[in-house]
Each structure stands twice: as C-alpha cells, then as structure tokens.
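Structure below is upload_38.tsv: TSV, N, CA and C atoms.
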```
chain	number	residue	atom	x	y	z
A	5	MET	N	31.70	8.62	-100.00
A	5	MET	CA	31.02	9.29	-101.07
A	5	MET	C	31.75	9.01	-102.36
A	6	VAL	N	31.00	8.65	-103.40
A	6	VAL	CA	31.57	8.34	-104.70
A	6	VAL	C	31.02	9.36	-105.69
A	7	ASP	N	31.88	10.28	-106.12
A	7	ASP	CA	31.47	11.33	-107.06
A	7	ASP	C	32.69	11.79	-107.82
A	8	SER	N	32.59	11.86	-109.13
A	8	SER	CA	33.74	12.25	-109.95
A	8	SER	C	33.86	13.76	-110.11
A	9	ASP	N	32.85	14.51	-109.74
A	9	ASP	CA	32.86	15.96	-109.86
A	9	ASP	C	33.56	16.57	-108.65
A	10	ILE	N	34.70	17.20	-108.89
A	10	ILE	CA	35.52	17.75	-107.80
A	10	ILE	C	34.75	18.77	-106.98
A	11	ILE	N	33.99	19.63	-107.63
A	11	ILE	CA	33.23	20.65	-106.90
A	11	ILE	C	32.19	19.98	-106.01
A	12	CYS	N	31.49	19.00	-106.53
A	12	CYS	CA	30.51	18.27	-105.71
A	12	CYS	C	31.19	17.56	-104.55
A	13	GLN	N	32.35	16.98	-104.80
A	13	GLN	CA	33.09	16.31	-103.72
A	13	GLN	C	33.34	17.27	-102.57
A	14	VAL	N	33.86	18.45	-102.89
A	14	VAL	CA	34.21	19.42	-101.85
A	14	VAL	C	32.96	19.91	-101.13
A	15	LEU	N	31.93	20.28	-101.89
A	15	LEU	CA	30.71	20.81	-101.27
A	15	LEU	C	29.98	19.75	-100.45
A	16	GLU	N	29.83	18.56	-101.00
A	16	GLU	CA	29.10	17.51	-100.29
A	16	GLU	C	29.85	17.06	-99.04
A	17	LYS	N	31.16	16.97	-99.13
A	17	LYS	CA	31.95	16.59	-97.96
A	17	LYS	C	31.81	17.66	-96.87
A	18	ALA	N	31.83	18.94	-97.27
A	18	ALA	CA	31.68	20.03	-96.30
A	18	ALA	C	30.30	19.97	-95.63
A	19	ILE	N	29.27	19.69	-96.42
A	19	ILE	CA	27.92	19.58	-95.85
A	19	ILE	C	27.86	18.43	-94.85
A	20	LEU	N	28.39	17.29	-95.23
A	20	LEU	CA	28.39	16.14	-94.32
A	20	LEU	C	29.14	16.45	-93.03
A	21	GLU	N	30.33	17.02	-93.17
A	21	GLU	CA	31.13	17.31	-91.99
A	21	GLU	C	30.49	18.38	-91.11
A	22	SER	N	29.74	19.32	-91.71
A	22	SER	CA	29.04	20.33	-90.91
A	22	SER	C	27.92	19.70	-90.09
A	23	GLN	N	27.48	18.51	-90.49
A	23	GLN	CA	26.46	17.77	-89.76
A	23	GLN	C	27.07	16.76	-88.78
A	24	GLY	N	28.40	16.81	-88.63
A	24	GLY	CA	29.09	15.91	-87.72
A	24	GLY	C	29.34	14.53	-88.30
A	25	ILE	N	29.27	14.42	-89.61
A	25	ILE	CA	29.46	13.13	-90.28
A	25	ILE	C	30.85	13.09	-90.88
A	26	GLN	N	31.61	12.06	-90.53
A	26	GLN	CA	32.95	11.88	-91.09
A	26	GLN	C	32.79	11.32	-92.50
A	27	ALA	N	33.47	11.92	-93.48
A	27	ALA	CA	33.29	11.51	-94.87
A	27	ALA	C	34.63	11.18	-95.53
A	28	GLN	N	34.58	10.18	-96.39
A	28	GLN	CA	35.72	9.83	-97.23
A	28	GLN	C	35.23	9.88	-98.67
A	29	VAL	N	36.04	10.44	-99.57
A	29	VAL	CA	35.63	10.66	-100.95
A	29	VAL	C	36.51	9.86	-101.90
A	30	VAL	N	35.87	9.21	-102.88
A	30	VAL	CA	36.59	8.61	-104.01
A	30	VAL	C	35.93	9.10	-105.29
A	31	GLY	N	36.68	9.06	-106.39
A	31	GLY	CA	36.20	9.65	-107.63
A	31	GLY	C	35.68	8.70	-108.68
A	32	SER	N	35.68	7.40	-108.40
A	32	SER	CA	35.16	6.45	-109.40
A	32	SER	C	34.57	5.23	-108.71
A	33	GLY	N	33.73	4.53	-109.46
A	33	GLY	CA	33.18	3.29	-108.94
A	33	GLY	C	34.25	2.26	-108.64
A	34	ARG	N	35.25	2.19	-109.50
A	34	ARG	CA	36.36	1.24	-109.29
A	34	ARG	C	37.09	1.54	-107.98
A	35	ASP	N	37.33	2.84	-107.71
A	35	ASP	CA	37.98	3.23	-106.46
A	35	ASP	C	37.12	2.84	-105.25
A	36	ALA	N	35.81	3.01	-105.38
A	36	ALA	CA	34.91	2.65	-104.28
A	36	ALA	C	34.96	1.15	-104.01
A	37	ILE	N	34.90	0.37	-105.06
A	37	ILE	CA	34.94	-1.09	-104.90
A	37	ILE	C	36.27	-1.53	-104.31
A	38	ASP	N	37.36	-0.95	-104.78
A	38	ASP	CA	38.68	-1.30	-104.22
A	38	ASP	C	38.76	-0.95	-102.74
A	39	LEU	N	38.25	0.22	-102.36
A	39	LEU	CA	38.27	0.64	-100.96
A	39	LEU	C	37.45	-0.31	-100.10
A	40	LEU	N	36.25	-0.65	-100.55
A	40	LEU	CA	35.40	-1.56	-99.79
A	40	LEU	C	36.00	-2.96	-99.73
A	41	ALA	N	36.63	-3.40	-100.80
A	41	ALA	CA	37.27	-4.72	-100.82
A	41	ALA	C	38.44	-4.80	-99.85
A	42	SER	N	39.02	-3.64	-99.51
A	42	SER	CA	40.14	-3.63	-98.56
A	42	SER	C	39.68	-3.83	-97.12
A	43	GLY	N	38.35	-3.84	-96.92
A	43	GLY	CA	37.82	-4.10	-95.59
A	43	GLY	C	37.30	-2.88	-94.86
A	44	VAL	N	37.37	-1.71	-95.48
A	44	VAL	CA	36.84	-0.49	-94.86
A	44	VAL	C	35.32	-0.59	-94.84
A	45	ASN	N	34.71	-0.22	-93.71
A	45	ASN	CA	33.25	-0.25	-93.57
A	45	ASN	C	32.70	1.15	-93.43
A	46	PHE	N	31.52	1.36	-93.98
A	46	PHE	CA	30.84	2.65	-93.91
A	46	PHE	C	29.40	2.43	-93.49
A	47	ASP	N	28.85	3.38	-92.72
A	47	ASP	CA	27.44	3.33	-92.37
A	47	ASP	C	26.57	3.71	-93.57
A	48	LEU	N	27.08	4.65	-94.38
A	48	LEU	CA	26.34	5.17	-95.53
A	48	LEU	C	27.29	5.35	-96.70
A	49	ILE	N	26.85	4.92	-97.87
A	49	ILE	CA	27.60	5.13	-99.10
A	49	ILE	C	26.74	6.00	-100.00
A	50	ILE	N	27.26	7.17	-100.35
A	50	ILE	CA	26.57	8.09	-101.26
A	50	ILE	C	27.23	7.93	-102.61
A	51	ILE	N	26.43	7.64	-103.63
A	51	ILE	CA	27.00	7.31	-104.93
A	51	ILE	C	26.31	8.07	-106.05
A	52	ALA	N	27.10	8.78	-106.84
A	52	ALA	CA	26.58	9.54	-107.98
A	52	ALA	C	26.28	8.61	-109.15
A	53	MET	N	25.36	9.02	-109.99
A	53	MET	CA	25.02	8.23	-111.18
A	53	MET	C	26.15	8.26	-112.20
A	54	VAL	N	26.67	9.46	-112.49
A	54	VAL	CA	27.68	9.62	-113.53
A	54	VAL	C	29.06	9.49	-112.91
A	55	LEU	N	29.75	8.42	-113.30
A	55	LEU	CA	31.09	8.12	-112.80
A	55	LEU	C	31.95	7.59	-113.94
A	56	PRO	N	33.26	7.80	-113.87
A	56	PRO	CA	34.13	7.19	-114.88
A	56	PRO	C	34.26	5.68	-114.64
A	57	ILE	N	34.61	4.96	-115.65
A	57	ILE	CA	34.86	3.52	-115.63
A	57	ILE	C	33.55	2.73	-115.58
A	58	MET	N	32.75	2.92	-114.53
A	58	MET	CA	31.43	2.30	-114.46
A	58	MET	C	30.49	3.28	-113.77
A	59	ASN	N	29.24	3.30	-114.21
A	59	ASN	CA	28.31	4.28	-113.64
A	59	ASN	C	27.86	3.86	-112.24
A	60	GLY	N	27.07	4.73	-111.62
A	60	GLY	CA	26.63	4.49	-110.26
A	60	GLY	C	25.77	3.25	-110.10
A	61	VAL	N	24.95	2.95	-111.10
A	61	VAL	CA	24.10	1.76	-111.03
A	61	VAL	C	24.95	0.49	-111.02
A	62	GLU	N	25.91	0.40	-111.94
A	62	GLU	CA	26.77	-0.79	-111.99
A	62	GLU	C	27.63	-0.89	-110.73
A	63	THR	N	28.13	0.25	-110.26
A	63	THR	CA	28.91	0.25	-109.02
A	63	THR	C	28.07	-0.26	-107.86
A	64	THR	N	26.83	0.21	-107.78
A	64	THR	CA	25.91	-0.25	-106.72
A	64	THR	C	25.70	-1.75	-106.81
A	65	ARG	N	25.45	-2.25	-108.00
A	65	ARG	CA	25.26	-3.70	-108.18
A	65	ARG	C	26.48	-4.48	-107.67
A	66	GLN	N	27.66	-4.01	-108.04
A	66	GLN	CA	28.87	-4.73	-107.63
A	66	GLN	C	29.09	-4.65	-106.13
A	67	ILE	N	28.80	-3.50	-105.53
A	67	ILE	CA	28.93	-3.36	-104.08
A	67	ILE	C	27.97	-4.32	-103.37
A	68	ARG	N	26.73	-4.38	-103.83
A	68	ARG	CA	25.76	-5.30	-103.22
A	68	ARG	C	26.17	-6.75	-103.44
A	69	ALA	N	26.74	-7.06	-104.61
A	69	ALA	CA	27.20	-8.43	-104.89
A	69	ALA	C	28.34	-8.84	-103.97
A	70	MET	N	29.08	-7.86	-103.44
A	70	MET	CA	30.15	-8.14	-102.49
A	70	MET	C	29.60	-8.47	-101.11
A	71	GLY	N	28.28	-8.33	-100.94
A	71	GLY	CA	27.66	-8.62	-99.65
A	71	GLY	C	27.64	-7.43	-98.71
A	72	ILE	N	27.96	-6.25	-99.22
A	72	ILE	CA	27.99	-5.05	-98.38
A	72	ILE	C	26.57	-4.56	-98.17
A	73	ARG	N	26.18	-4.39	-96.91
A	73	ARG	CA	24.82	-4.03	-96.56
A	73	ARG	C	24.69	-2.60	-96.05
A	74	SER	N	25.73	-1.79	-96.19
A	74	SER	CA	25.65	-0.39	-95.78
A	74	SER	C	24.46	0.28	-96.47
A	75	LYS	N	23.87	1.27	-95.81
A	75	LYS	CA	22.84	2.05	-96.48
A	75	LYS	C	23.49	2.75	-97.66
A	76	MET	N	22.75	2.85	-98.76
A	76	MET	CA	23.27	3.51	-99.96
A	76	MET	C	22.27	4.55	-100.44
A	77	LEU	N	22.82	5.71	-100.79
A	77	LEU	CA	22.03	6.83	-101.29
A	77	LEU	C	22.51	7.14	-102.70
A	78	GLY	N	21.64	6.98	-103.69
A	78	GLY	CA	21.97	7.32	-105.07
A	78	GLY	C	21.63	8.77	-105.35
A	79	VAL	N	22.53	9.48	-106.02
A	79	VAL	CA	22.29	10.89	-106.34
A	79	VAL	C	22.59	11.15	-107.82
A	80	THR	N	21.84	12.07	-108.39
A	80	THR	CA	22.08	12.48	-109.77
A	80	THR	C	21.58	13.90	-109.98
A	81	ALA	N	22.14	14.56	-110.97
A	81	ALA	CA	21.72	15.92	-111.30
A	81	ALA	C	20.44	15.93	-112.12
A	82	CYS	N	20.13	14.84	-112.80
A	82	CYS	CA	18.90	14.77	-113.61
A	82	CYS	C	18.06	13.60	-113.12
A	83	SER	N	16.91	13.93	-112.63
A	83	SER	CA	16.07	12.95	-111.97
A	83	SER	C	15.03	12.35	-112.92
A	84	TYR	N	15.49	11.49	-113.81
A	84	TYR	CA	14.56	10.77	-114.68
A	84	TYR	C	14.08	9.53	-113.96
A	85	GLU	N	12.84	9.18	-114.19
A	85	GLU	CA	12.26	8.01	-113.52
A	85	GLU	C	13.06	6.75	-113.82
A	86	ARG	N	13.55	6.60	-115.04
A	86	ARG	CA	14.30	5.38	-115.38
A	86	ARG	C	15.61	5.30	-114.60
A	87	GLU	N	16.26	6.45	-114.34
A	87	GLU	CA	17.48	6.45	-113.53
A	87	GLU	C	17.15	6.08	-112.09
A	88	ARG	N	16.10	6.68	-111.57
A	88	ARG	CA	15.69	6.38	-110.20
A	88	ARG	C	15.39	4.89	-110.05
A	89	ARG	N	14.63	4.35	-110.98
A	89	ARG	CA	14.26	2.93	-110.92
A	89	ARG	C	15.49	2.05	-111.05
A	90	ALA	N	16.41	2.39	-111.97
A	90	ALA	CA	17.63	1.59	-112.15
A	90	ALA	C	18.46	1.58	-110.87
A	91	PHE	N	18.60	2.75	-110.24
A	91	PHE	CA	19.36	2.84	-108.99
A	91	PHE	C	18.70	2.00	-107.90
A	92	LEU	N	17.40	2.13	-107.75
A	92	LEU	CA	16.69	1.37	-106.71
A	92	LEU	C	16.77	-0.13	-106.99
A	93	ASP	N	16.61	-0.52	-108.24
A	93	ASP	CA	16.71	-1.94	-108.59
A	93	ASP	C	18.11	-2.49	-108.32
A	94	ALA	N	19.13	-1.65	-108.47
A	94	ALA	CA	20.52	-2.08	-108.24
A	94	ALA	C	20.82	-2.26	-106.76
A	95	GLY	N	20.04	-1.57	-105.90
A	95	GLY	CA	20.24	-1.79	-104.47
A	95	GLY	C	20.40	-0.58	-103.59
A	96	VAL	N	20.23	0.66	-104.13
A	96	VAL	CA	20.29	1.80	-103.22
A	96	VAL	C	19.03	1.81	-102.36
A	97	ASP	N	19.16	2.40	-101.18
A	97	ASP	CA	18.02	2.49	-100.26
A	97	ASP	C	17.16	3.71	-100.54
A	98	GLU	N	17.79	4.77	-101.00
A	98	GLU	CA	17.10	6.02	-101.31
A	98	GLU	C	17.76	6.65	-102.53
A	99	PHE	N	17.03	7.55	-103.16
A	99	PHE	CA	17.52	8.24	-104.35
A	99	PHE	C	17.11	9.70	-104.22
A	100	ILE	N	18.07	10.62	-104.36
A	100	ILE	CA	17.72	12.04	-104.32
A	100	ILE	C	18.44	12.77	-105.45
A	101	GLU	N	17.93	13.94	-105.75
A	101	GLU	CA	18.45	14.75	-106.83
A	101	GLU	C	19.41	15.80	-106.28
A	102	LYS	N	20.50	16.05	-107.02
A	102	LYS	CA	21.42	17.14	-106.67
A	102	LYS	C	20.72	18.46	-107.00
A	103	PRO	N	21.06	19.56	-106.39
A	103	PRO	CA	22.17	19.69	-105.44
A	103	PRO	C	21.76	19.19	-104.06
A	104	LEU	N	22.72	18.61	-103.37
A	104	LEU	CA	22.49	18.15	-102.01
A	104	LEU	C	22.61	19.33	-101.06
A	105	THR	N	21.79	19.32	-100.04
A	105	THR	CA	21.79	20.38	-99.03
A	105	THR	C	21.85	19.72	-97.66
A	106	PRO	N	22.08	20.50	-96.61
A	106	PRO	CA	22.06	19.90	-95.27
A	106	PRO	C	20.74	19.18	-94.98
A	107	GLN	N	19.64	19.65	-95.56
A	107	GLN	CA	18.35	19.01	-95.34
A	107	GLN	C	18.25	17.65	-96.04
A	108	SER	N	19.11	17.39	-97.01
A	108	SER	CA	19.10	16.11	-97.72
A	108	SER	C	19.40	14.94	-96.79
A	109	TRP	N	20.13	15.18	-95.72
A	109	TRP	CA	20.59	14.09	-94.85
A	109	TRP	C	19.54	13.63	-93.87
A	110	HIS	N	18.36	14.25	-93.85
A	110	HIS	CA	17.31	13.78	-92.95
A	110	HIS	C	16.87	12.36	-93.28
A	111	LEU	N	17.17	11.90	-94.49
A	111	LEU	CA	16.80	10.53	-94.89
A	111	LEU	C	17.53	9.48	-94.07
A	112	PHE	N	18.73	9.83	-93.60
A	112	PHE	CA	19.56	8.86	-92.91
A	112	PHE	C	19.94	9.38	-91.55
```
How does this structure look as structure tokens?
Amino acid sequence: MVDSDIICQVLEKAILESQGIQAQVVGSGRDAIDLLASGVNFDLIIIAMVLPIMNGVETTRQIRAMGIRSKMLGVTACSYERERRAFLDAGVDEFIEKPLTPQSWHLF
C-alpha cells in the first residue's frame, strides 16, 4: 500500500489484515518503486493519488514501465473523472474513492 497519510495507512492496513491480507505500507511513490526494484513481489498494489515526490499516476506509470504486472488499485479522497481516467490510463486495474471499507476489497 502506498499512502502518505499516516491515519489512512493505519486504518487501511488494519482493514486489510482483518480480511486476512498481509500488508506492507510505504509513504511515497519513490519508496514504492525502490521496494519493487529490490525484487519484492505483491499480488495487489494499492496506491493513493496524493503522494510526496511523485503522485499516484506517475508512480503507477513508473511501476508499469518496470514490467510489474501486479493488480493495482488507485484510491483518492476526491473522485473527479479526470483523476479516475488518468489513473486508469497510467495502468491501474480499478479505481475507488476513499474512505476504504472492508467491502472495498470485493474488487480483488
């Protein structure tokens, strides 16, 4: 999970773990790219739109350019059509609006 908001990190990780999903959290797109470049593999990458250093769309583009085919879920607190389209064009498989709930994970 890539999210710079500490509260979201804690809540979203707790929701995932309550569903039996093991989660690892990083706070920036750069951290996510570095982690993936180290060879760590994930079934699902959850990525927020607003991130320091590079936003979620650019991070998604770079992850896809690395050849990583993990499912990706883009999330944002404000669901504008242009954000949704940018995320999908960059390579996420699904896009949902925060707040995330246990029911959000039915997509994957």
Item to check | Residue with smallest distance to Met5 (chain A) - pool A:Met58, A:Ala41, A:Ile51, A:Leu20, counting all atoms listed in the file | outcome: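 Residue with the minimum atom-to-atom distance to Met5 (chain A): A:Ile51.
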As a PDB file with N, CA and C atoms, keeping the file's coordinate frame, list the residues of chain A assigned to helix (DSSP H, G or I) by DSSP on the backbone atoms of this structure.
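Output file states-v8.pdb is given in full below:
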```pdb
ATOM      1  N   ILE A  10      34.700  17.200-108.890  1.00  0.00           N
ATOM      2  CA  ILE A  10      35.520  17.750-107.800  1.00  0.00           C
ATOM      3  C   ILE A  10      34.750  18.770-106.980  1.00  0.00           C
ATOM      4  N   ILE A  11      33.990  19.630-107.630  1.00  0.00           N
ATOM      5  CA  ILE A  11      33.230  20.650-106.900  1.00  0.00           C
ATOM      6  C   ILE A  11      32.190  19.980-106.010  1.00  0.00           C
ATOM      7  N   CYS A  12      31.490  19.000-106.530  1.00  0.00           N
ATOM      8  CA  CYS A  12      30.510  18.270-105.710  1.00  0.00           C
ATOM      9  C   CYS A  12      31.190  17.560-104.550  1.00  0.00           C
ATOM     10  N   GLN A  13      32.350  16.980-104.800  1.00  0.00           N
ATOM     11  CA  GLN A  13      33.090  16.310-103.720  1.00  0.00           C
ATOM     12  C   GLN A  13      33.340  17.270-102.570  1.00  0.00           C
ATOM     13  N   VAL A  14      33.860  18.450-102.890  1.00  0.00           N
ATOM     14  CA  VAL A  14      34.210  19.420-101.850  1.00  0.00           C
ATOM     15  C   VAL A  14      32.960  19.910-101.130  1.00  0.00           C
ATOM     16  N   LEU A  15      31.930  20.280-101.890  1.00  0.00           N
ATOM     17  CA  LEU A  15      30.710  20.810-101.270  1.00  0.00           C
ATOM     18  C   LEU A  15      29.980  19.750-100.450  1.00  0.00           C
ATOM     19  N   GLU A  16      29.830  18.560-101.000  1.00  0.00           N
ATOM     20  CA  GLU A  16      29.100  17.510-100.290  1.00  0.00           C
ATOM     21  C   GLU A  16      29.850  17.060 -99.040  1.00  0.00           C
ATOM     22  N   LYS A  17      31.160  16.970 -99.130  1.00  0.00           N
ATOM     23  CA  LYS A  17      31.950  16.590 -97.960  1.00  0.00           C
ATOM     24  C   LYS A  17      31.810  17.660 -96.870  1.00  0.00           C
ATOM     25  N   ALA A  18      31.830  18.940 -97.270  1.00  0.00           N
ATOM     26  CA  ALA A  18      31.680  20.030 -96.300  1.00  0.00           C
ATOM     27  C   ALA A  18      30.300  19.970 -95.630  1.00  0.00           C
ATOM     28  N   ILE A  19      29.270  19.690 -96.420  1.00  0.00           N
ATOM     29  CA  ILE A  19      27.920  19.580 -95.850  1.00  0.00           C
ATOM     30  C   ILE A  19      27.860  18.430 -94.850  1.00  0.00           C
ATOM     31  N   LEU A  20      28.390  17.290 -95.230  1.00  0.00           N
ATOM     32  CA  LEU A  20      28.390  16.140 -94.320  1.00  0.00           C
ATOM     33  C   LEU A  20      29.140  16.450 -93.030  1.00  0.00           C
ATOM     34  N   GLU A  21      30.330  17.020 -93.170  1.00  0.00           N
ATOM     35  CA  GLU A  21      31.130  17.310 -91.990  1.00  0.00           C
ATOM     36  C   GLU A  21      30.490  18.380 -91.110  1.00  0.00           C
ATOM     37  N   SER A  22      29.740  19.320 -91.710  1.00  0.00           N
ATOM     38  CA  SER A  22      29.040  20.330 -90.910  1.00  0.00           C
ATOM     39  C   SER A  22      27.920  19.700 -90.090  1.00  0.00           C
ATOM     40  N   GLY A  33      33.730   4.530-109.460  1.00  0.00           N
ATOM     41  CA  GLY A  33      33.180   3.290-108.940  1.00  0.00           C
ATOM     42  C   GLY A  33      34.250   2.260-108.640  1.00  0.00           C
ATOM     43  N   ARG A  34      35.250   2.190-109.500  1.00  0.00           N
ATOM     44  CA  ARG A  34      36.360   1.240-109.290  1.00  0.00           C
ATOM     45  C   ARG A  34      37.090   1.540-107.980  1.00  0.00           C
ATOM     46  N   ASP A  35      37.330   2.840-107.710  1.00  0.00           N
ATOM     47  CA  ASP A  35      37.980   3.230-106.460  1.00  0.00           C
ATOM     48  C   ASP A  35      37.120   2.840-105.250  1.00  0.00           C
ATOM     49  N   ALA A  36      35.810   3.010-105.380  1.00  0.00           N
ATOM     50  CA  ALA A  36      34.910   2.650-104.280  1.00  0.00           C
ATOM     51  C   ALA A  36      34.960   1.150-104.010  1.00  0.00           C
ATOM     52  N   ILE A  37      34.900   0.370-105.060  1.00  0.00           N
ATOM     53  CA  ILE A  37      34.940  -1.090-104.900  1.00  0.00           C
ATOM     54  C   ILE A  37      36.270  -1.530-104.310  1.00  0.00           C
ATOM     55  N   ASP A  38      37.360  -0.950-104.780  1.00  0.00           N
ATOM     56  CA  ASP A  38      38.680  -1.300-104.220  1.00  0.00           C
ATOM     57  C   ASP A  38      38.760  -0.950-102.740  1.00  0.00           C
ATOM     58  N   LEU A  39      38.250   0.220-102.360  1.00  0.00           N
ATOM     59  CA  LEU A  39      38.270   0.640-100.960  1.00  0.00           C
ATOM     60  C   LEU A  39      37.450  -0.310-100.100  1.00  0.00           C
ATOM     61  N   LEU A  40      36.250  -0.650-100.550  1.00  0.00           N
ATOM     62  CA  LEU A  40      35.400  -1.560 -99.790  1.00  0.00           C
ATOM     63  C   LEU A  40      36.000  -2.960 -99.730  1.00  0.00           C
ATOM     64  N   ALA A  41      36.630  -3.400-100.800  1.00  0.00           N
ATOM     65  CA  ALA A  41      37.270  -4.720-100.820  1.00  0.00           C
ATOM     66  C   ALA A  41      38.440  -4.800 -99.850  1.00  0.00           C
ATOM     67  N   GLY A  60      27.070   4.730-111.620  1.00  0.00           N
ATOM     68  CA  GLY A  60      26.630   4.490-110.260  1.00  0.00           C
ATOM     69  C   GLY A  60      25.770   3.250-110.100  1.00  0.00           C
ATOM     70  N   VAL A  61      24.950   2.950-111.100  1.00  0.00           N
ATOM     71  CA  VAL A  61      24.100   1.760-111.030  1.00  0.00           C
ATOM     72  C   VAL A  61      24.950   0.490-111.020  1.00  0.00           C
ATOM     73  N   GLU A  62      25.910   0.400-111.940  1.00  0.00           N
ATOM     74  CA  GLU A  62      26.770  -0.790-111.990  1.00  0.00           C
ATOM     75  C   GLU A  62      27.630  -0.890-110.730  1.00  0.00           C
ATOM     76  N   THR A  63      28.130   0.250-110.260  1.00  0.00           N
ATOM     77  CA  THR A  63      28.910   0.250-109.020  1.00  0.00           C
ATOM     78  C   THR A  63      28.070  -0.260-107.860  1.00  0.00           C
ATOM     79  N   THR A  64      26.830   0.210-107.780  1.00  0.00           N
ATOM     80  CA  THR A  64      25.910  -0.250-106.720  1.00  0.00           C
ATOM     81  C   THR A  64      25.700  -1.750-106.810  1.00  0.00           C
ATOM     82  N   ARG A  65      25.450  -2.250-108.000  1.00  0.00           N
ATOM     83  CA  ARG A  65      25.260  -3.700-108.180  1.00  0.00           C
ATOM     84  C   ARG A  65      26.480  -4.480-107.670  1.00  0.00           C
ATOM     85  N   GLN A  66      27.660  -4.010-108.040  1.00  0.00           N
ATOM     86  CA  GLN A  66      28.870  -4.730-107.630  1.00  0.00           C
ATOM     87  C   GLN A  66      29.090  -4.650-106.130  1.00  0.00           C
ATOM     88  N   ILE A  67      28.800  -3.500-105.530  1.00  0.00           N
ATOM     89  CA  ILE A  67      28.930  -3.360-104.080  1.00  0.00           C
ATOM     90  C   ILE A  67      27.970  -4.320-103.370  1.00  0.00           C
ATOM     91  N   ARG A  68      26.730  -4.380-103.830  1.00  0.00           N
ATOM     92  CA  ARG A  68      25.760  -5.300-103.220  1.00  0.00           C
ATOM     93  C   ARG A  68      26.170  -6.750-103.440  1.00  0.00           C
ATOM     94  N   ALA A  69      26.740  -7.060-104.610  1.00  0.00           N
ATOM     95  CA  ALA A  69      27.200  -8.430-104.890  1.00  0.00           C
ATOM     96  C   ALA A  69      28.340  -8.840-103.970  1.00  0.00           C
ATOM     97  N   GLU A  85      12.840   9.180-114.190  1.00  0.00           N
ATOM     98  CA  GLU A  85      12.260   8.010-113.520  1.00  0.00           C
ATOM     99  C   GLU A  85      13.060   6.750-113.820  1.00  0.00           C
ATOM    100  N   ARG A  86      13.550   6.600-115.040  1.00  0.00           N
ATOM    101  CA  ARG A  86      14.300   5.380-115.380  1.00  0.00           C
ATOM    102  C   ARG A  86      15.610   5.300-114.600  1.00  0.00           C
ATOM    103  N   GLU A  87      16.260   6.450-114.340  1.00  0.00           N
ATOM    104  CA  GLU A  87      17.480   6.450-113.530  1.00  0.00           C
ATOM    105  C   GLU A  87      17.150   6.080-112.090  1.00  0.00           C
ATOM    106  N   ARG A  88      16.100   6.680-111.570  1.00  0.00           N
ATOM    107  CA  ARG A  88      15.690   6.380-110.200  1.00  0.00           C
ATOM    108  C   ARG A  88      15.390   4.890-110.050  1.00  0.00           C
ATOM    109  N   ARG A  89      14.630   4.350-110.980  1.00  0.00           N
ATOM    110  CA  ARG A  89      14.260   2.930-110.920  1.00  0.00           C
ATOM    111  C   ARG A  89      15.490   2.050-111.050  1.00  0.00           C
ATOM    112  N   ALA A  90      16.410   2.390-111.970  1.00  0.00           N
ATOM    113  CA  ALA A  90      17.630   1.590-112.150  1.00  0.00           C
ATOM    114  C   ALA A  90      18.460   1.580-110.870  1.00  0.00           C
ATOM    115  N   PHE A  91      18.600   2.750-110.240  1.00  0.00           N
ATOM    116  CA  PHE A  91      19.360   2.840-108.990  1.00  0.00           C
ATOM    117  C   PHE A  91      18.700   2.000-107.900  1.00  0.00           C
ATOM    118  N   LEU A  92      17.400   2.130-107.750  1.00  0.00           N
ATOM    119  CA  LEU A  92      16.690   1.370-106.710  1.00  0.00           C
ATOM    120  C   LEU A  92      16.770  -0.130-106.990  1.00  0.00           C
ATOM    121  N   ASP A  93      16.610  -0.520-108.240  1.00  0.00           N
ATOM    122  CA  ASP A  93      16.710  -1.940-108.590  1.00  0.00           C
ATOM    123  C   ASP A  93      18.110  -2.490-108.320  1.00  0.00           C
ATOM    124  N   ALA A  94      19.130  -1.650-108.470  1.00  0.00           N
ATOM    125  CA  ALA A  94      20.520  -2.080-108.240  1.00  0.00           C
ATOM    126  C   ALA A  94      20.820  -2.260-106.760  1.00  0.00           C
ATOM    127  N   PRO A 106      22.080  20.500 -96.610  1.00  0.00           N
ATOM    128  CA  PRO A 106      22.060  19.900 -95.270  1.00  0.00           C
ATOM    129  C   PRO A 106      20.740  19.180 -94.980  1.00  0.00           C
ATOM    130  N   GLN A 107      19.640  19.650 -95.560  1.00  0.00           N
ATOM    131  CA  GLN A 107      18.350  19.010 -95.340  1.00  0.00           C
ATOM    132  C   GLN A 107      18.250  17.650 -96.040  1.00  0.00           C
ATOM    133  N   SER A 108      19.110  17.390 -97.010  1.00  0.00           N
ATOM    134  CA  SER A 108      19.100  16.110 -97.720  1.00  0.00           C
ATOM    135  C   SER A 108      19.400  14.940 -96.790  1.00  0.00           C
ATOM    136  N   TRP A 109      20.130  15.180 -95.720  1.00  0.00           N
ATOM    137  CA  TRP A 109      20.590  14.090 -94.850  1.00  0.00           C
ATOM    138  C   TRP A 109      19.540  13.630 -93.870  1.00  0.00           C
ATOM    139  N   HIS A 110      18.360  14.250 -93.850  1.00  0.00           N
ATOM    140  CA  HIS A 110      17.310  13.780 -92.950  1.00  0.00           C
ATOM    141  C   HIS A 110      16.870  12.360 -93.280  1.00  0.00           C
ATOM    142  N   LEU A 111      17.170  11.900 -94.490  1.00  0.00           N
ATOM    143  CA  LEU A 111      16.800  10.530 -94.890  1.00  0.00           C
ATOM    144  C   LEU A 111      17.530   9.480 -94.070  1.00  0.00           C
TER     145      LEU A 111
END
```
Item to check | atom N of Ala52 (chain A) to atom N of Val6 (chain A), straight-line distance in Å | outcome: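 Computing it gives 5.2 Å between the two atoms.
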Checklist entry - Can you list, as number ranges by chain, every residue of chain A that DSSP puts in strand (DSSP E)? => result A: 48-52, 75-80, 98-101
Checklist entry - Please, what distance in Å, to one decimal, runs between CA of Arg73 (chain A) and CA of Asp38 (chain A)? => result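 Interatomic distance, CA of Arg73 (chain A) to CA of Asp38 (chain A): 16.1 Å.
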What lies within 5 Å of Glu98 (chain A) using all atoms listed in the file, ignoring chain neighbours under 3 positions off, as a compact mmCIF listing (two decimals) with N, CA and C atoms, in the frame of the given file?
```txt
# COMPACT_ATOMS: atom_id res chain seq x y z
N MET A 76 22.75 2.85 -98.76
CA MET A 76 23.27 3.51 -99.96
C MET A 76 22.27 4.55 -100.44
N LEU A 77 22.82 5.71 -100.79
CA LEU A 77 22.03 6.83 -101.29
C LEU A 77 22.51 7.14 -102.70
N GLY A 78 21.64 6.98 -103.69
CA GLY A 78 21.97 7.32 -105.07
C GLY A 78 21.63 8.77 -105.35
```
Next on the checklist: Could you tell me how far CA of Phe91 (chain A) sits from CA of Val61 (chain A), in Å to one decimal place?
Outcome noted: 5.3 Å
Item to check | Non-local contacts of Asp9 (chain A) (8 Å; all atoms listed in the file; under 2 positions in same chain excluded) as a list in words | outcome: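 Contacts, with the query itself left out: Val6, Asp7, Ile11, Cys12, Gln13, Val14, Leu15, Val30, Gly31, Ser32, Val54, Leu55 and Pro56 of chain A.
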